[in-house]
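What follows is input_39.txt (compact mmCIF, C-alpha atoms).
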```
# COMPACT_ATOMS: atom_id res chain seq x y z
CA MET A 1 135.80 51.28 46.32
CA ILE A 2 133.66 54.40 46.64
CA ARG A 3 134.77 55.57 43.20
CA LEU A 4 133.74 52.19 41.77
CA VAL A 5 130.28 52.46 43.34
CA ILE A 6 129.90 56.01 42.02
CA ALA A 7 130.98 54.85 38.54
CA TYR A 8 128.37 52.06 38.70
CA LEU A 9 125.61 54.44 39.81
CA VAL A 10 126.51 56.92 37.06
CA ALA A 11 126.42 54.09 34.50
CA VAL A 12 122.99 52.95 35.69
CA ILE A 13 121.54 56.47 35.75
CA VAL A 14 122.91 57.40 32.32
CA ALA A 15 121.72 54.14 30.74
CA TYR A 16 118.30 54.41 32.40
CA VAL A 17 117.74 58.07 31.54
CA GLY A 18 118.86 57.52 27.95
CA ALA A 19 116.71 54.41 27.52
CA SER A 20 113.68 56.07 29.07
CA ILE A 21 113.99 59.24 26.99
CA ALA A 22 114.55 57.21 23.82
CA ALA A 23 111.48 55.10 24.55
CA THR A 24 109.32 58.16 25.23
CA GLN A 25 110.44 59.97 22.11
CA SER A 26 109.81 56.85 20.04
CA VAL A 27 106.20 56.82 21.25
CA MET A 28 105.91 60.55 20.57
CA ALA A 29 107.18 59.97 17.01
CA ARG A 30 104.50 57.32 16.45
CA LEU A 31 101.83 59.72 17.68
CA VAL A 32 103.05 62.37 15.24
CA GLU A 33 102.92 59.77 12.43
CA MET A 34 99.28 59.16 13.32
CA GLY A 35 98.57 62.87 13.07
CA ALA A 36 98.37 63.68 16.76
CA PRO A 37 99.55 67.17 17.72
CA VAL A 38 102.69 66.66 19.83
CA THR A 39 104.11 69.94 21.06
CA LEU A 40 107.45 70.43 22.78
CA GLY A 41 105.54 70.82 26.04
CA VAL A 42 103.82 67.45 25.52
CA ARG A 43 107.18 65.84 24.74
CA LEU A 44 108.76 67.28 27.89
CA GLU A 45 105.80 66.35 30.07
CA ALA A 46 105.75 62.79 28.71
CA THR A 47 109.52 62.49 29.18
CA VAL A 48 109.38 63.53 32.83
CA HIS A 49 106.33 61.33 33.41
CA ASP A 50 108.11 58.30 31.95
CA LEU A 51 111.39 58.99 33.76
CA LEU A 52 109.48 58.90 37.04
CA GLY A 53 107.06 56.16 36.04
CA MET A 54 109.64 53.72 34.69
CA ALA A 55 111.82 54.17 37.79
CA THR A 56 110.00 51.33 39.51
CA SER A 57 110.29 48.89 36.63
CA LEU A 58 113.03 49.65 34.10
CA LEU A 59 115.48 51.27 36.52
CA PRO A 60 115.86 48.18 38.74
CA LEU A 61 116.29 46.02 35.65
CA VAL A 62 119.02 48.31 34.33
CA ALA A 63 120.69 48.28 37.76
CA VAL A 64 120.74 44.48 37.87
CA GLY A 65 121.83 44.20 34.24
CA MET A 66 124.74 46.56 34.82
CA LEU A 67 125.60 44.83 38.10
CA ILE A 68 126.12 41.64 36.11
CA ALA A 69 127.61 43.06 32.90
CA LEU A 70 130.22 45.46 34.26
CA PRO A 71 132.06 42.99 36.55
CA VAL A 72 132.04 40.39 33.75
CA ALA A 73 133.54 43.02 31.46
CA ALA A 74 136.18 43.80 34.09
CA LEU A 75 137.20 40.11 34.22
CA ILE A 76 137.42 39.91 30.44
CA ILE A 77 139.36 43.17 30.27
CA ARG A 78 141.91 41.82 32.75
CA ALA A 79 142.55 38.91 30.42
CA LEU A 80 142.34 41.03 27.26
CA PRO A 81 143.55 44.53 28.22
CA ARG A 82 143.39 45.84 24.66
CA TRP A 83 139.58 45.63 24.97
CA ARG A 84 139.58 48.16 27.83
CA PRO A 85 138.38 51.10 25.67
CA THR A 86 135.38 49.19 24.32
CA GLY A 87 134.76 46.46 26.87
CA TYR A 88 132.56 48.46 29.21
CA VAL A 89 130.67 50.02 26.30
CA LEU A 90 129.90 46.57 24.91
CA ALA A 91 128.95 45.32 28.38
CA GLY A 92 126.49 48.17 28.94
CA GLY A 93 124.96 47.64 25.51
CA ALA A 94 124.70 43.90 26.09
CA ALA A 95 123.05 44.51 29.47
CA LEU A 96 120.18 46.52 28.02
CA LEU A 97 119.85 44.25 25.02
CA CYS A 98 119.65 41.19 27.28
CA ILE A 99 117.06 42.83 29.52
CA HIS A 100 114.67 43.39 26.63
CA VAL A 101 115.33 40.05 24.93
CA ALA A 102 115.03 38.11 28.20
CA LEU A 103 111.73 39.78 29.11
CA HIS A 104 110.38 38.89 25.70
CA LEU A 105 111.63 35.29 25.72
CA VAL A 106 110.79 34.44 29.33
CA LEU A 107 107.59 36.41 29.89
CA GLY A 108 106.49 37.00 26.33
CA ILE A 109 106.31 40.75 26.89
CA THR A 110 108.17 43.79 25.65
CA PRO A 111 107.19 46.44 28.18
CA VAL A 112 109.22 49.18 26.50
CA ALA A 113 107.33 49.66 23.24
CA ALA A 114 110.37 51.14 21.49
CA ALA A 115 112.23 47.84 21.95
CA ARG A 116 109.69 46.04 19.74
CA THR A 117 111.50 47.20 16.61
CA THR A 118 115.08 46.52 15.55
CA LEU A 119 115.85 50.24 15.56
CA GLY A 120 114.28 50.72 18.98
CA LEU A 121 116.13 47.74 20.44
CA THR A 122 119.37 49.04 18.95
CA VAL A 123 118.81 52.48 20.48
CA GLN A 124 118.15 50.86 23.86
CA ALA A 125 121.45 48.95 23.54
CA LEU A 126 123.24 52.16 22.56
CA CYS A 127 121.91 53.80 25.73
CA GLY A 128 123.36 50.92 27.71
CA GLY A 129 126.62 51.38 25.83
CA LEU A 130 126.63 55.04 26.81
CA GLY A 131 126.19 53.98 30.42
CA GLY A 132 129.14 51.60 30.06
CA TRP A 133 131.24 54.38 28.55
CA MET A 134 130.35 56.65 31.47
CA PHE A 135 131.37 53.88 33.85
CA LEU A 136 134.79 53.79 32.20
CA GLN A 137 135.09 57.59 32.35
CA CYS A 138 134.34 57.59 36.08
CA LEU A 139 137.01 55.01 36.89
CA PRO A 140 140.32 56.25 38.30
CA GLU A 141 142.89 56.93 35.58
CA ARG A 142 144.93 53.84 36.52
CA ASP A 143 141.89 51.58 35.93
CA ARG A 144 141.05 52.99 32.49
```
Just give me the structure of the file as structure tokens.
Amino acid sequence: MIRLVIAYLVAVIVAYVGASIAATQSVMARLVEMGAPVTLGVRLEATVHDLLGMATSLLPLVAVGMLIALPVAALIIRALPRWRPTGYVLAGGAALLCIHVALHLVLGITPVAAARTTLGLTVQALCGGLGGWMFLQCLPERDR
């Protein structure tokens, strides 16, 4: 049970950190397009700022999304064991995708600016998929 909790926490942290960094770097890219001077130091400072700042909003959403998606994936994988290698990856990706789509549909907001474009939304989902993959990697060998 402890290994399962650790796998879940790793999945959440990896998905959150990836999504936050991707969102920050997307904003930095837009600033560069507008001609703003964005140094490596500015990028690093903004990344750390956003990692800490989004911890009260995006991190809990990622935690809840993964808490729903990963057990659902586990149930599906039990019925369809051949999906084990990709099931958790798809679940993590779906979790982040659903977070952004649900916020937009229910509240009419897209708080993570990067998720306002198809590419940005796809990158957010890929970060969730990476979290799902890390979840699988942290499971005991018999559960992979």
Could you give me, as a Markdown table, every region 50-126 of chain A residue with an atom at most 8 Å from region 12-20 of chain A, plus its closest atom pair and distance in Å to one decimal, counting all atoms listed in the file, rows ordered by chain then number?
```
| residue | atom | partner | partner_atom | distance |
| --- | --- | --- | --- | --- |
| A:Asp50 | CA | A:Ser20 | CA | 6.7 |
| A:Leu51 | CA | A:Ser20 | CA | 6.0 |
| A:Met54 | CA | A:Ser20 | CA | 7.3 |
| A:Leu58 | CA | A:Tyr16 | CA | 7.3 |
| A:Leu59 | CA | A:Tyr16 | CA | 5.9 |
| A:Val62 | CA | A:Val12 | CA | 6.3 |
| A:Ala63 | CA | A:Val12 | CA | 5.6 |
| A:Met66 | CA | A:Val12 | CA | 6.7 |
| A:Gly92 | CA | A:Ala15 | CA | 7.9 |
| A:Val123 | CA | A:Ala19 | CA | 7.6 |
| A:Gln124 | CA | A:Ala19 | CA | 5.3 |
```
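With distances restricted to only C-alpha atoms, A:Val10 is the closest residue to Gly131 (chain A) from A:Val10, A:Val42, A:Ile99, A:Ala23.
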Residues near Leu126 (chain A), cut-off 12 Å, only C-alpha atoms, skip fewer than 6 positions along chain, as a list in words: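 Contacts, in chain order: Val14, Ala15, Tyr16, Gly18, Ala19, Ala22, Val89, Leu90, Ala91, Gly92, Gly93, Ala94, Ala95, Leu96, Leu97, Ala115, Leu119, Gly120, Gly132 and Trp133 of chain A.
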Which residue of A:Val48, A:Leu107, A:Leu80, A:Val72 approaches Gln25 (chain A) most closely, using all atoms listed in the file: A:Val48
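Interatomic distance, CA of Arg30 (chain A) to CA of Pro111 (chain A): 16.2 Å.
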Nearest to Ala46 (chain A) by atom-to-atom distance, counting all atoms listed in the file, from A:Val32, A:Ile21, A:Ala73, A:Val64: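 The shortest atom-to-atom distance to Ala46 (chain A) comes from A:Ile21.
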Interatomic distance, CA of Thr86 (chain A) to CA of Met134 (chain A) (Å, one decimal):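 It comes out at 11.5 Å.
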